$ cat protein_6.cif   # mmCIF, C-alpha atoms
data_query
#
loop_
_atom_site.group_PDB
_atom_site.id
_atom_site.type_symbol
_atom_site.label_atom_id
_atom_site.label_comp_id
_atom_site.auth_asym_id
_atom_site.auth_seq_id
_atom_site.Cartn_x
_atom_site.Cartn_y
_atom_site.Cartn_z
ATOM 1 C CA MET A 27 78.068 -98.154 150.956
ATOM 2 C CA VAL A 28 74.317 -98.216 150.655
ATOM 3 C CA GLU A 29 74.054 -94.874 152.348
ATOM 4 C CA GLU A 30 76.532 -93.411 149.874
ATOM 5 C CA LEU A 31 74.513 -94.752 146.944
ATOM 6 C CA VAL A 32 71.310 -93.325 148.367
ATOM 7 C CA ALA A 33 72.960 -89.955 148.914
ATOM 8 C CA ALA A 34 74.343 -89.973 145.366
ATOM 9 C CA GLY A 35 70.929 -90.885 143.958
ATOM 10 C CA ALA A 36 69.272 -88.121 145.923
ATOM 11 C CA THR A 37 71.881 -85.705 144.679
ATOM 12 C CA LEU A 38 71.274 -86.739 141.083
ATOM 13 C CA VAL A 39 67.517 -86.410 141.490
ATOM 14 C CA ALA A 40 67.916 -82.978 143.003
ATOM 15 C CA ALA A 41 70.293 -81.947 140.222
ATOM 16 C CA GLY A 42 67.857 -83.268 137.620
ATOM 17 C CA ALA A 43 65.005 -81.373 139.208
ATOM 18 C CA VAL A 44 67.036 -78.187 139.272
ATOM 19 C CA TYR A 45 68.032 -78.734 135.634
ATOM 20 C CA ALA A 46 64.426 -79.383 134.595
ATOM 21 C CA MET A 47 63.237 -76.263 136.372
ATOM 22 C CA ALA A 48 65.956 -74.210 134.686
ATOM 23 C CA ALA A 49 65.286 -75.703 131.246
ATOM 24 C CA ALA A 50 61.499 -75.728 131.315
ATOM 25 C CA ARG A 51 59.647 -73.003 129.463
ATOM 26 C CA VAL A 52 55.966 -72.483 128.630
ATOM 27 C CA VAL A 53 54.967 -70.663 125.450
ATOM 28 C CA LYS A 54 51.394 -69.359 125.350
ATOM 29 C CA GLN A 55 49.004 -69.943 122.470
ATOM 30 C CA TYR A 56 49.401 -66.423 121.061
ATOM 31 C CA GLU A 57 53.196 -66.453 121.380
ATOM 32 C CA ARG A 58 56.155 -67.972 119.587
ATOM 33 C CA GLY A 59 59.572 -68.674 121.058
ATOM 34 C CA VAL A 60 62.838 -67.664 119.389
ATOM 35 C CA VAL A 61 65.909 -69.458 120.770
ATOM 36 C CA PHE A 62 69.455 -68.065 120.804
ATOM 37 C CA ARG A 63 72.224 -70.553 121.531
ATOM 38 C CA LEU A 64 75.434 -68.844 122.532
ATOM 39 C CA GLY A 65 74.201 -65.755 120.716
ATOM 40 C CA ARG A 66 73.328 -67.542 117.483
ATOM 41 C CA LEU A 67 69.755 -67.813 116.270
ATOM 42 C CA ARG A 68 68.384 -71.341 116.162
ATOM 43 C CA PRO A 69 66.448 -72.102 112.943
ATOM 44 C CA GLU A 70 63.412 -73.647 114.629
ATOM 45 C CA VAL A 71 60.785 -71.443 116.233
ATOM 46 C CA ARG A 72 59.182 -72.922 119.352
ATOM 47 C CA GLY A 73 55.426 -73.224 119.144
ATOM 48 C CA PRO A 74 52.887 -72.872 121.946
ATOM 49 C CA GLY A 75 53.063 -75.314 124.855
ATOM 50 C CA PHE A 76 55.798 -76.820 127.010
ATOM 51 C CA THR A 77 59.365 -76.679 125.693
ATOM 52 C CA LEU A 78 62.900 -77.219 126.998
ATOM 53 C CA ILE A 79 66.073 -75.270 126.440
ATOM 54 C CA VAL A 80 69.658 -75.777 127.529
ATOM 55 C CA PRO A 81 70.198 -73.704 130.660
ATOM 56 C CA VAL A 82 72.881 -71.028 130.521
ATOM 57 C CA VAL A 83 73.593 -71.901 126.879
ATOM 58 C CA ASP A 84 70.185 -71.090 125.372
ATOM 59 C CA ARG A 85 68.053 -67.990 125.753
ATOM 60 C CA LEU A 86 64.370 -68.074 124.811
ATOM 61 C CA GLN A 87 62.712 -64.847 123.703
ATOM 62 C CA LYS A 88 58.914 -64.836 123.321
ATOM 63 C CA VAL A 89 57.230 -62.846 120.563
ATOM 64 C CA ASN A 90 53.561 -61.828 120.720
ATOM 65 C CA MET A 91 51.661 -62.788 117.552
ATOM 66 C CA GLN A 92 48.438 -60.937 118.368
ATOM 67 C CA VAL A 93 47.158 -57.991 116.357
ATOM 68 C CA VAL A 94 48.520 -54.796 117.885
ATOM 69 C CA THR A 95 46.464 -51.592 117.888
ATOM 70 C CA MET A 96 48.803 -48.617 117.835
ATOM 71 C CA PRO A 97 47.551 -45.017 117.829
ATOM 72 C CA VAL A 98 49.566 -42.617 115.714
ATOM 73 C CA PRO A 99 50.035 -39.220 117.407
ATOM 74 C CA ALA A 100 48.457 -36.255 115.661
ATOM 75 C CA GLN A 101 50.737 -34.864 112.966
ATOM 76 C CA GLU A 102 50.536 -31.269 111.807
ATOM 77 C CA GLY A 103 51.238 -30.439 108.196
ATOM 78 C CA ILE A 104 50.297 -28.315 105.194
ATOM 79 C CA THR A 105 48.181 -29.862 102.479
ATOM 80 C CA ARG A 106 48.804 -29.447 98.772
ATOM 81 C CA ASP A 107 46.277 -26.590 98.649
ATOM 82 C CA ASN A 108 48.097 -24.735 101.487
ATOM 83 C CA VAL A 109 45.815 -25.544 104.428
ATOM 84 C CA THR A 110 47.298 -26.307 107.857
ATOM 85 C CA VAL A 111 45.731 -29.429 109.407
ATOM 86 C CA ARG A 112 46.329 -31.874 112.248
ATOM 87 C CA VAL A 113 45.677 -35.517 111.435
ATOM 88 C CA ASP A 114 45.831 -38.558 113.695
ATOM 89 C CA ALA A 115 45.442 -42.212 112.763
ATOM 90 C CA VAL A 116 45.524 -45.760 114.105
ATOM 91 C CA VAL A 117 47.556 -48.714 112.813
ATOM 92 C CA TYR A 118 46.652 -52.395 113.143
ATOM 93 C CA PHE A 119 49.585 -54.789 112.632
ATOM 94 C CA LYS A 120 50.849 -58.187 113.712
ATOM 95 C CA VAL A 121 54.089 -60.155 113.663
ATOM 96 C CA THR A 122 54.236 -62.867 111.011
ATOM 97 C CA GLY A 123 57.975 -63.612 111.194
ATOM 98 C CA PRO A 124 59.085 -63.924 114.847
ATOM 99 C CA ALA A 125 62.756 -64.435 114.009
ATOM 100 C CA GLU A 126 62.895 -61.394 111.697
ATOM 101 C CA ALA A 127 61.052 -59.226 114.239
ATOM 102 C CA VAL A 128 63.693 -60.061 116.863
ATOM 103 C CA VAL A 129 66.849 -60.069 114.733
ATOM 104 C CA ARG A 130 66.342 -57.466 111.997
ATOM 105 C CA VAL A 131 64.997 -54.584 114.062
ATOM 106 C CA GLU A 132 65.796 -53.501 117.609
ATOM 107 C CA ASP A 133 62.202 -52.642 118.587
ATOM 108 C CA TYR A 134 59.615 -53.375 115.928
ATOM 109 C CA ARG A 135 56.838 -51.523 117.782
ATOM 110 C CA PHE A 136 58.857 -48.318 117.938
ATOM 111 C CA ALA A 137 59.937 -48.773 114.307
ATOM 112 C CA VAL A 138 56.348 -49.173 113.108
ATOM 113 C CA SER A 139 55.268 -46.138 115.145
ATOM 114 C CA GLN A 140 57.958 -43.900 113.655
ATOM 115 C CA MET A 141 57.283 -45.150 110.140
ATOM 116 C CA ALA A 142 53.554 -44.473 110.595
ATOM 117 C CA GLN A 143 54.184 -40.896 111.747
ATOM 118 C CA THR A 144 56.533 -40.215 108.840
ATOM 119 C CA SER A 145 54.131 -41.713 106.302
ATOM 120 C CA LEU A 146 51.211 -39.748 107.745
ATOM 121 C CA ARG A 147 53.084 -36.449 107.339
ATOM 122 C CA SER A 148 53.963 -37.432 103.787
ATOM 123 C CA ILE A 149 50.311 -38.229 102.990
ATOM 124 C CA ILE A 150 49.239 -34.842 104.363
ATOM 125 C CA GLY A 151 51.676 -33.013 102.098
ATOM 126 C CA LYS A 152 50.590 -34.943 98.997
ATOM 127 C CA SER A 153 46.820 -34.609 99.519
ATOM 128 C CA GLU A 154 44.305 -31.810 99.286
ATOM 129 C CA LEU A 155 41.902 -30.849 102.030
ATOM 130 C CA ASP A 156 38.875 -32.276 100.209
ATOM 131 C CA ASP A 157 40.625 -35.655 99.934
ATOM 132 C CA LEU A 158 41.358 -35.713 103.669
ATOM 133 C CA LEU A 159 37.722 -34.986 104.447
ATOM 134 C CA SER A 160 35.847 -37.084 101.891
ATOM 135 C CA ASN A 161 38.246 -39.569 100.270
ATOM 136 C CA ARG A 162 39.789 -41.225 103.303
ATOM 137 C CA GLU A 163 39.507 -44.784 102.034
ATOM 138 C CA LYS A 164 41.977 -44.117 99.232
ATOM 139 C CA LEU A 165 44.331 -42.305 101.613
ATOM 140 C CA ASN A 166 44.115 -45.197 104.081
ATOM 141 C CA GLN A 167 45.188 -47.629 101.364
ATOM 142 C CA GLY A 168 48.092 -45.418 100.328
ATOM 143 C CA LEU A 169 49.185 -45.003 103.941
ATOM 144 C CA GLU A 170 48.998 -48.759 104.478
ATOM 145 C CA LEU A 171 51.247 -49.414 101.475
ATOM 146 C CA MET A 172 53.794 -46.839 102.644
ATOM 147 C CA ILE A 173 54.067 -48.445 106.079
ATOM 148 C CA ASP A 174 53.860 -52.059 104.917
ATOM 149 C CA SER A 175 56.745 -51.832 102.432
ATOM 150 C CA PRO A 176 59.563 -51.561 105.022
ATOM 151 C CA ALA A 177 57.658 -53.493 107.704
ATOM 152 C CA VAL A 178 57.655 -56.685 105.633
ATOM 153 C CA GLU A 179 61.438 -56.950 106.077
ATOM 154 C CA TRP A 180 60.950 -56.737 109.843
ATOM 155 C CA GLY A 181 58.562 -59.704 109.889
ATOM 156 C CA VAL A 182 55.572 -57.410 110.492
ATOM 157 C CA THR A 183 52.404 -57.234 108.398
ATOM 158 C CA ILE A 184 50.170 -54.159 108.426
ATOM 159 C CA ASP A 185 46.531 -55.248 108.589
ATOM 160 C CA ARG A 186 44.843 -51.865 108.346
ATOM 161 C CA VAL A 187 45.457 -48.139 108.731
ATOM 162 C CA GLU A 188 42.651 -45.690 109.519
ATOM 163 C CA ILE A 189 42.719 -41.887 109.644
ATOM 164 C CA LYS A 190 40.707 -41.011 112.746
ATOM 165 C CA ASP A 191 40.313 -37.250 112.813
ATOM 166 C CA VAL A 192 41.244 -34.159 110.803
ATOM 167 C CA SER A 193 41.460 -30.944 112.824
ATOM 168 C CA LEU A 194 41.090 -27.648 110.959
ATOM 169 C CA PRO A 195 41.813 -24.071 112.058
ATOM 170 C CA GLU A 196 38.817 -22.060 113.244
ATOM 171 C CA THR A 197 39.108 -19.618 110.322
ATOM 172 C CA MET A 198 38.930 -22.503 107.863
ATOM 173 C CA LYS A 199 35.889 -23.949 109.651
ATOM 174 C CA ARG A 200 34.078 -20.607 109.365
ATOM 175 C CA SER A 201 35.014 -20.312 105.693
ATOM 176 C CA MET A 202 33.723 -23.807 104.973
ATOM 177 C CA ALA A 203 30.502 -23.034 106.846
ATOM 178 C CA ARG A 204 29.958 -19.906 104.749
ATOM 179 C CA GLN A 205 30.701 -21.856 101.582
ATOM 180 C CA ALA A 206 28.191 -24.569 102.514
ATOM 181 C CA GLU A 207 25.560 -21.949 103.355
ATOM 182 C CA ALA A 208 26.097 -20.160 100.038
ATOM 183 C CA ASP A 209 25.854 -23.457 98.177
ATOM 184 C CA ARG A 210 22.571 -24.353 99.904
ATOM 185 C CA GLU A 211 21.169 -20.890 99.113
ATOM 186 C CA ARG A 212 22.194 -21.284 95.475
ATOM 187 C CA ARG A 213 20.427 -24.653 95.252
ATOM 188 C CA ALA A 214 17.310 -23.164 96.886
ATOM 189 C CA ARG A 215 17.207 -20.338 94.343
ATOM 190 C CA VAL A 216 17.669 -22.748 91.447
ATOM 191 C CA ILE A 217 14.831 -24.939 92.737
ATOM 192 C CA ASN A 218 12.601 -21.891 93.204
ATOM 193 C CA ALA A 219 13.358 -20.634 89.688
ATOM 194 C CA ASP A 220 12.681 -24.081 88.261
ATOM 195 C CA ALA A 221 9.329 -24.165 90.061
ATOM 196 C CA GLU A 222 8.441 -20.720 88.709
ATOM 197 C CA LEU A 223 9.322 -21.850 85.184
ATOM 198 C CA GLN A 224 7.140 -24.945 85.444
ATOM 199 C CA ALA A 225 4.284 -22.901 86.927
ATOM 200 C CA SER A 226 4.508 -20.321 84.140
ATOM 201 C CA LYS A 227 4.331 -23.072 81.513
ATOM 202 C CA LYS A 228 1.241 -24.526 83.153
ATOM 203 C CA LEU A 229 -0.362 -21.075 83.379
ATOM 204 C CA ALA A 230 0.377 -20.450 79.703
ATOM 205 C CA GLU A 231 -1.286 -23.748 78.800
ATOM 206 C CA ALA A 232 -4.295 -22.833 80.965
ATOM 207 C CA ALA A 233 -4.566 -19.401 79.350
ATOM 208 C CA GLN A 234 -4.454 -20.968 75.904
ATOM 209 C CA GLN A 235 -7.203 -23.394 76.896
ATOM 210 C CA MET A 236 -9.365 -20.582 78.267
ATOM 211 C CA GLN A 237 -8.842 -18.565 75.117
ATOM 212 C CA ASP A 238 -10.148 -21.451 73.014
ATOM 213 C CA THR A 239 -13.110 -22.015 75.372
ATOM 214 C CA PRO A 240 -14.512 -18.686 76.732
ATOM 215 C CA ALA A 241 -16.898 -20.498 79.054
ATOM 216 C CA ALA A 242 -13.898 -21.898 80.952
ATOM 217 C CA LEU A 243 -12.945 -18.354 81.939
ATOM 218 C CA GLN A 244 -16.392 -17.834 83.434
ATOM 219 C CA LEU A 245 -16.115 -21.105 85.376
ATOM 220 C CA ARG A 246 -12.719 -20.089 86.621
ATOM 221 C CA LEU A 247 -14.150 -16.760 87.772
ATOM 222 C CA LEU A 248 -16.864 -18.566 89.698
ATOM 223 C CA GLN A 249 -14.289 -20.872 91.331
ATOM 224 C CA THR A 250 -12.283 -17.840 92.380
ATOM 225 C CA VAL A 251 -15.414 -16.260 93.876
ATOM 226 C CA VAL A 252 -16.137 -19.456 95.856
ATOM 227 C CA ALA A 253 -12.561 -19.622 97.125
ATOM 228 C CA VAL A 254 -12.594 -15.991 98.230
ATOM 229 C CA ALA A 255 -16.051 -16.308 99.799
ATOM 230 C CA ALA A 256 -14.813 -19.149 102.006
ATOM 231 C CA GLU A 257 -12.731 -16.618 103.947
ATOM 232 C CA LYS A 258 -15.027 -15.024 106.525
ATOM 233 C CA ASN A 259 -12.782 -12.013 107.035
ATOM 234 C CA SER A 260 -12.961 -10.868 103.399
ATOM 235 C CA THR A 261 -15.585 -9.024 101.333
ATOM 236 C CA LEU A 262 -16.092 -9.699 97.632
ATOM 237 C CA VAL A 263 -17.482 -6.902 95.383
ATOM 238 C CA LEU A 264 -18.481 -7.673 91.778
ATOM 239 C CA PRO A 265 -18.974 -4.472 89.756
ATOM 240 C CA PHE A 266 -20.825 -6.313 86.941
ATOM 241 C CA PRO A 267 -23.111 -9.305 87.132
ATOM 242 C CA VAL A 268 -21.967 -12.390 85.321
ATOM 243 C CA GLU A 269 -25.058 -12.361 83.063
ATOM 244 C CA LEU A 270 -24.240 -8.828 81.952
ATOM 245 C CA LEU A 271 -20.743 -9.926 81.017
ATOM 246 C CA ARG A 272 -22.176 -12.755 78.924
ATOM 247 C CA PHE A 273 -24.617 -10.355 77.233
ATOM 248 C CA LEU A 274 -21.776 -7.994 76.303
ATOM 249 C CA GLU A 275 -19.736 -10.922 74.996
ATOM 250 C CA LYS A 276 -22.593 -12.070 72.735
ATOM 251 C CA ALA A 277 -23.220 -8.510 71.553
ATOM 252 C CA GLN A 278 -19.604 -8.222 70.399
ATOM 253 C CA GLN A 279 -19.963 -11.383 68.356
ATOM 254 C CA LEU A 280 -23.087 -10.084 66.340
ATOM 255 C CA PRO A 281 -22.333 -8.370 62.919
ATOM 256 C CA PRO A 282 -23.301 -4.637 62.624
ATOM 257 C CA ALA A 283 -26.535 -3.791 60.729
ATOM 258 C CA SER A 284 -26.189 -2.191 57.234
ATOM 259 C CA GLY A 285 -27.836 1.321 57.011
ATOM 260 C CA GLY A 286 -27.698 1.549 53.140
ATOM 261 C CA SER A 287 -30.036 -1.400 52.582
ATOM 262 C CA ASN A 288 -32.771 0.149 54.767
ATOM 263 C CA SER A 289 -32.760 3.437 52.805
ATOM 264 C CA SER A 290 -33.018 1.712 49.456
ATOM 265 C CA GLN A 291 -36.032 -0.292 50.595
ATOM 266 C CA GLY A 292 -37.822 2.891 51.642
#

$ encode --input "protein_6.cif" --output "C-alpha cells"
Amino acid sequence: MVEELVAAGATLVAAGAVYAMAAARVVKQYERGVVFRLGRLRPEVRGPGFTLIVPVVDRLQKVNMQVVTMPVPAQEGITRDNVTVRVDAVVYFKVTGPAEAVVRVEDYRFAVSQMAQTSLRSIIGKSELDDLLSNREKLNQGLELMIDSPAVEWGVTIDRVEIKDVSLPETMKRSMARQAEADRERRARVINADAELQASKKLAEAAQQMQDTPAALQLRLLQTVVAVAAEKNSTLVLPFPVELLRFLEKAQQLPPASGGSNSSQG
C-alpha cells in the first residue's frame, strides 16, 4: 500500500513537472505576449517576465516592441516637372498595439514596407525636382503622414521617415552643372560691375576735389611718379618740369595787358 502511494505521488510530481514545463513561458523586456485560447484572443496582454499558459489550449505569440529600421527599396518615378528620378528612403516604426498587430494584419512588417513603397512613388509624382533636392524635411513629414494613417489601425506607429538619396540621370546632372556654372558667372559679373560702379563714383569725387584744389593734382602726379619709380624695370620720362607747369598755370591766371592805355599816355 505504501509503495502504491509513493508511486502515485511520484507520478503526480512528474505530471506536474511536465505540465509546468509545458505551461511555462518567458517574455523578454522588449516583448509582449498575445494569448489565443482555442483560437480566440484573450483580452489581457502578457508583460515581460515569467508567465503561464494552459498547454494545448492556449497559444502564446510574442510581439517585438522595439523600434524597427526598415529600408525602402529605391523607387523610380517621374516628378511633376517631368524628370525621371530614383528615390530610396528609410522608415522607423514600432508596435504600440500588440493585439492589433497580430489580429488585424497578416504581416505588419510586409504591410508597412509595401505602404512605404507606394507612398514614396506617390510623393515623387506630386513633387518637383527642386523639392526633392532641397525641401526634404517637408516631404519627409508628408510621407510619414501617408504611411502612418493606415498603420495606426494595425497597431503600428511610424516614428520617422527619411529620404536617403535621389539619383538623377547623367544628362540632368550635366544640365544642372551647366546651370550652376552660368549662375556663378552671372553673380561674378554683377559683383564686378558693382565694383566698377563704386570705383567710378569714387574717381568722380576725386576728380571734383582736384578740380577745386589744383595743387592736389600736382601732389597726385608726384605720388604717381614715386609709385612708378619704385619699379626698377621701368623708366619714367617727364617732358616738362613740374615748375614749368606751375609757371604756365600762373601765367594763364594773369589778366592781359591793355595796349590802348599805353598809347594814350605817350

$ resolve_selection --input "protein_6.cif" --expression "the PyMOL selection byres ((chain A and resi 194-200) around 10)" --output "MDAnalysis selection string"
chainID A and resid 109:113 155 191:193 201:206

$ resolve_selection --input "protein_6.cif" --expression "the PyMOL selection byres ((chain A and resi 129) around 12)" --output "compact mmCIF listing (two decimals) with C-alpha atoms, in the frame of the given file"
# COMPACT_ATOMS: atom_id res chain seq x y z
CA VAL A 60 62.84 -67.66 119.39
CA VAL A 61 65.91 -69.46 120.77
CA PHE A 62 69.46 -68.06 120.80
CA GLY A 65 74.20 -65.76 120.72
CA ARG A 66 73.33 -67.54 117.48
CA LEU A 67 69.76 -67.81 116.27
CA ARG A 68 68.38 -71.34 116.16
CA GLN A 87 62.71 -64.85 123.70
CA VAL A 89 57.23 -62.85 120.56
CA GLY A 123 57.98 -63.61 111.19
CA PRO A 124 59.08 -63.92 114.85
CA ALA A 125 62.76 -64.44 114.01
CA GLU A 126 62.90 -61.39 111.70
CA ALA A 127 61.05 -59.23 114.24
CA VAL A 128 63.69 -60.06 116.86
CA ARG A 130 66.34 -57.47 112.00
CA VAL A 131 65.00 -54.58 114.06
CA GLU A 132 65.80 -53.50 117.61
CA ASP A 133 62.20 -52.64 118.59
CA TYR A 134 59.62 -53.38 115.93
CA GLU A 179 61.44 -56.95 106.08
CA TRP A 180 60.95 -56.74 109.84
CA GLY A 181 58.56 -59.70 109.89

$ residues_around --input "protein_6.cif" --residues "Arg106 in chain A" --least-positions-apart "6" --cutoff "9 Å" --atoms "all atoms listed in the file" --output "list in words"
Ile150, Gly151, Lys152, Ser153, Glu154 and Leu155 of chain A

$ axis_aligned_box --input "protein_6.cif" --around "range 234-243 of chain A" --padding-each-side "6 Å" --output "AutoDock Vina command-line options"
--center_x -10.7 --center_y -20.9 --center_z 77.5 --size_x 24.4 --size_y 17.0 --size_z 20.9

$ atom_distance --input "protein_6.cif" --atom1 "CA of Leu64 in chain A" --atom2 "CA of Val83 in chain A"
5.6 Å

$ closest_residue --input "protein_6.cif" --among "A:Val138, A:Ala253, A:Ile149, A:Ile189" --to "Glu163 in chain A" --atoms "only C-alpha atoms"
A:Ile189

$ closest_residue --input "protein_6.cif" --among "A:Gly168, A:Pro69, A:Pro176, A:Pro99" --to "Gln143 in chain A" --atoms "all atoms listed in the file"
A:Pro99

$ build_atoms --input "protein_6.cif" --residues "range 91-116 of chain A" --atoms "N, CA and C atoms" --output "compact mmCIF listing (two decimals), in the frame of the given file"
# COMPACT_ATOMS: atom_id res chain seq x y z
N MET A 91 52.17 -62.70 118.92
CA MET A 91 51.66 -62.79 117.55
C MET A 91 50.27 -62.18 117.41
N GLN A 92 49.76 -61.55 118.45
CA GLN A 92 48.44 -60.94 118.37
C GLN A 92 48.47 -59.66 117.53
N VAL A 93 47.28 -59.25 117.08
CA VAL A 93 47.16 -57.99 116.36
C VAL A 93 47.33 -56.84 117.34
N VAL A 94 48.21 -55.92 117.02
CA VAL A 94 48.52 -54.80 117.88
C VAL A 94 47.81 -53.56 117.35
N THR A 95 47.12 -52.85 118.24
CA THR A 95 46.46 -51.59 117.89
C THR A 95 47.32 -50.45 118.40
N MET A 96 47.88 -49.69 117.46
CA MET A 96 48.80 -48.62 117.84
C MET A 96 48.27 -47.28 117.35
N PRO A 97 47.97 -46.36 118.26
CA PRO A 97 47.55 -45.02 117.83
C PRO A 97 48.74 -44.21 117.34
N VAL A 98 48.53 -43.49 116.26
CA VAL A 98 49.57 -42.62 115.71
C VAL A 98 49.30 -41.21 116.23
N PRO A 99 50.26 -40.59 116.90
CA PRO A 99 50.04 -39.22 117.41
C PRO A 99 49.68 -38.26 116.29
N ALA A 100 48.91 -37.24 116.65
CA ALA A 100 48.46 -36.26 115.66
C ALA A 100 49.65 -35.55 115.04
N GLN A 101 49.66 -35.50 113.72
CA GLN A 101 50.74 -34.86 112.97
C GLN A 101 50.19 -33.61 112.29
N GLU A 102 50.93 -32.53 112.41
CA GLU A 102 50.54 -31.27 111.81
C GLU A 102 51.31 -31.07 110.52
N GLY A 103 50.60 -30.66 109.49
CA GLY A 103 51.24 -30.44 108.20
C GLY A 103 50.41 -29.51 107.33
N ILE A 104 50.95 -29.20 106.17
CA ILE A 104 50.30 -28.32 105.19
C ILE A 104 49.92 -29.14 103.98
N THR A 105 48.66 -29.10 103.62
CA THR A 105 48.18 -29.86 102.48
C THR A 105 48.67 -29.24 101.17
N ARG A 106 48.35 -29.91 100.08
CA ARG A 106 48.80 -29.45 98.77
C ARG A 106 48.14 -28.14 98.37
N ASP A 107 46.94 -27.87 98.92
CA ASP A 107 46.28 -26.59 98.65
C ASP A 107 46.49 -25.58 99.78
N ASN A 108 47.61 -25.73 100.51
CA ASN A 108 48.10 -24.74 101.49
C ASN A 108 47.11 -24.52 102.65
N VAL A 109 46.67 -25.60 103.24
CA VAL A 109 45.82 -25.54 104.43
C VAL A 109 46.52 -26.31 105.54
N THR A 110 46.65 -25.67 106.72
CA THR A 110 47.30 -26.31 107.86
C THR A 110 46.29 -27.19 108.59
N VAL A 111 46.63 -28.47 108.76
CA VAL A 111 45.73 -29.43 109.41
C VAL A 111 46.52 -30.28 110.39
N ARG A 112 45.78 -30.88 111.31
CA ARG A 112 46.33 -31.87 112.25
C ARG A 112 45.56 -33.18 112.05
N VAL A 113 46.29 -34.23 111.77
CA VAL A 113 45.68 -35.52 111.44
C VAL A 113 46.25 -36.59 112.35
N ASP A 114 45.38 -37.40 112.93
CA ASP A 114 45.83 -38.56 113.70
C ASP A 114 45.23 -39.82 113.09
N ALA A 115 45.85 -40.96 113.38
CA ALA A 115 45.44 -42.21 112.76
C ALA A 115 45.67 -43.35 113.75
N VAL A 116 45.30 -44.55 113.32
CA VAL A 116 45.52 -45.76 114.10
C VAL A 116 45.99 -46.86 113.16
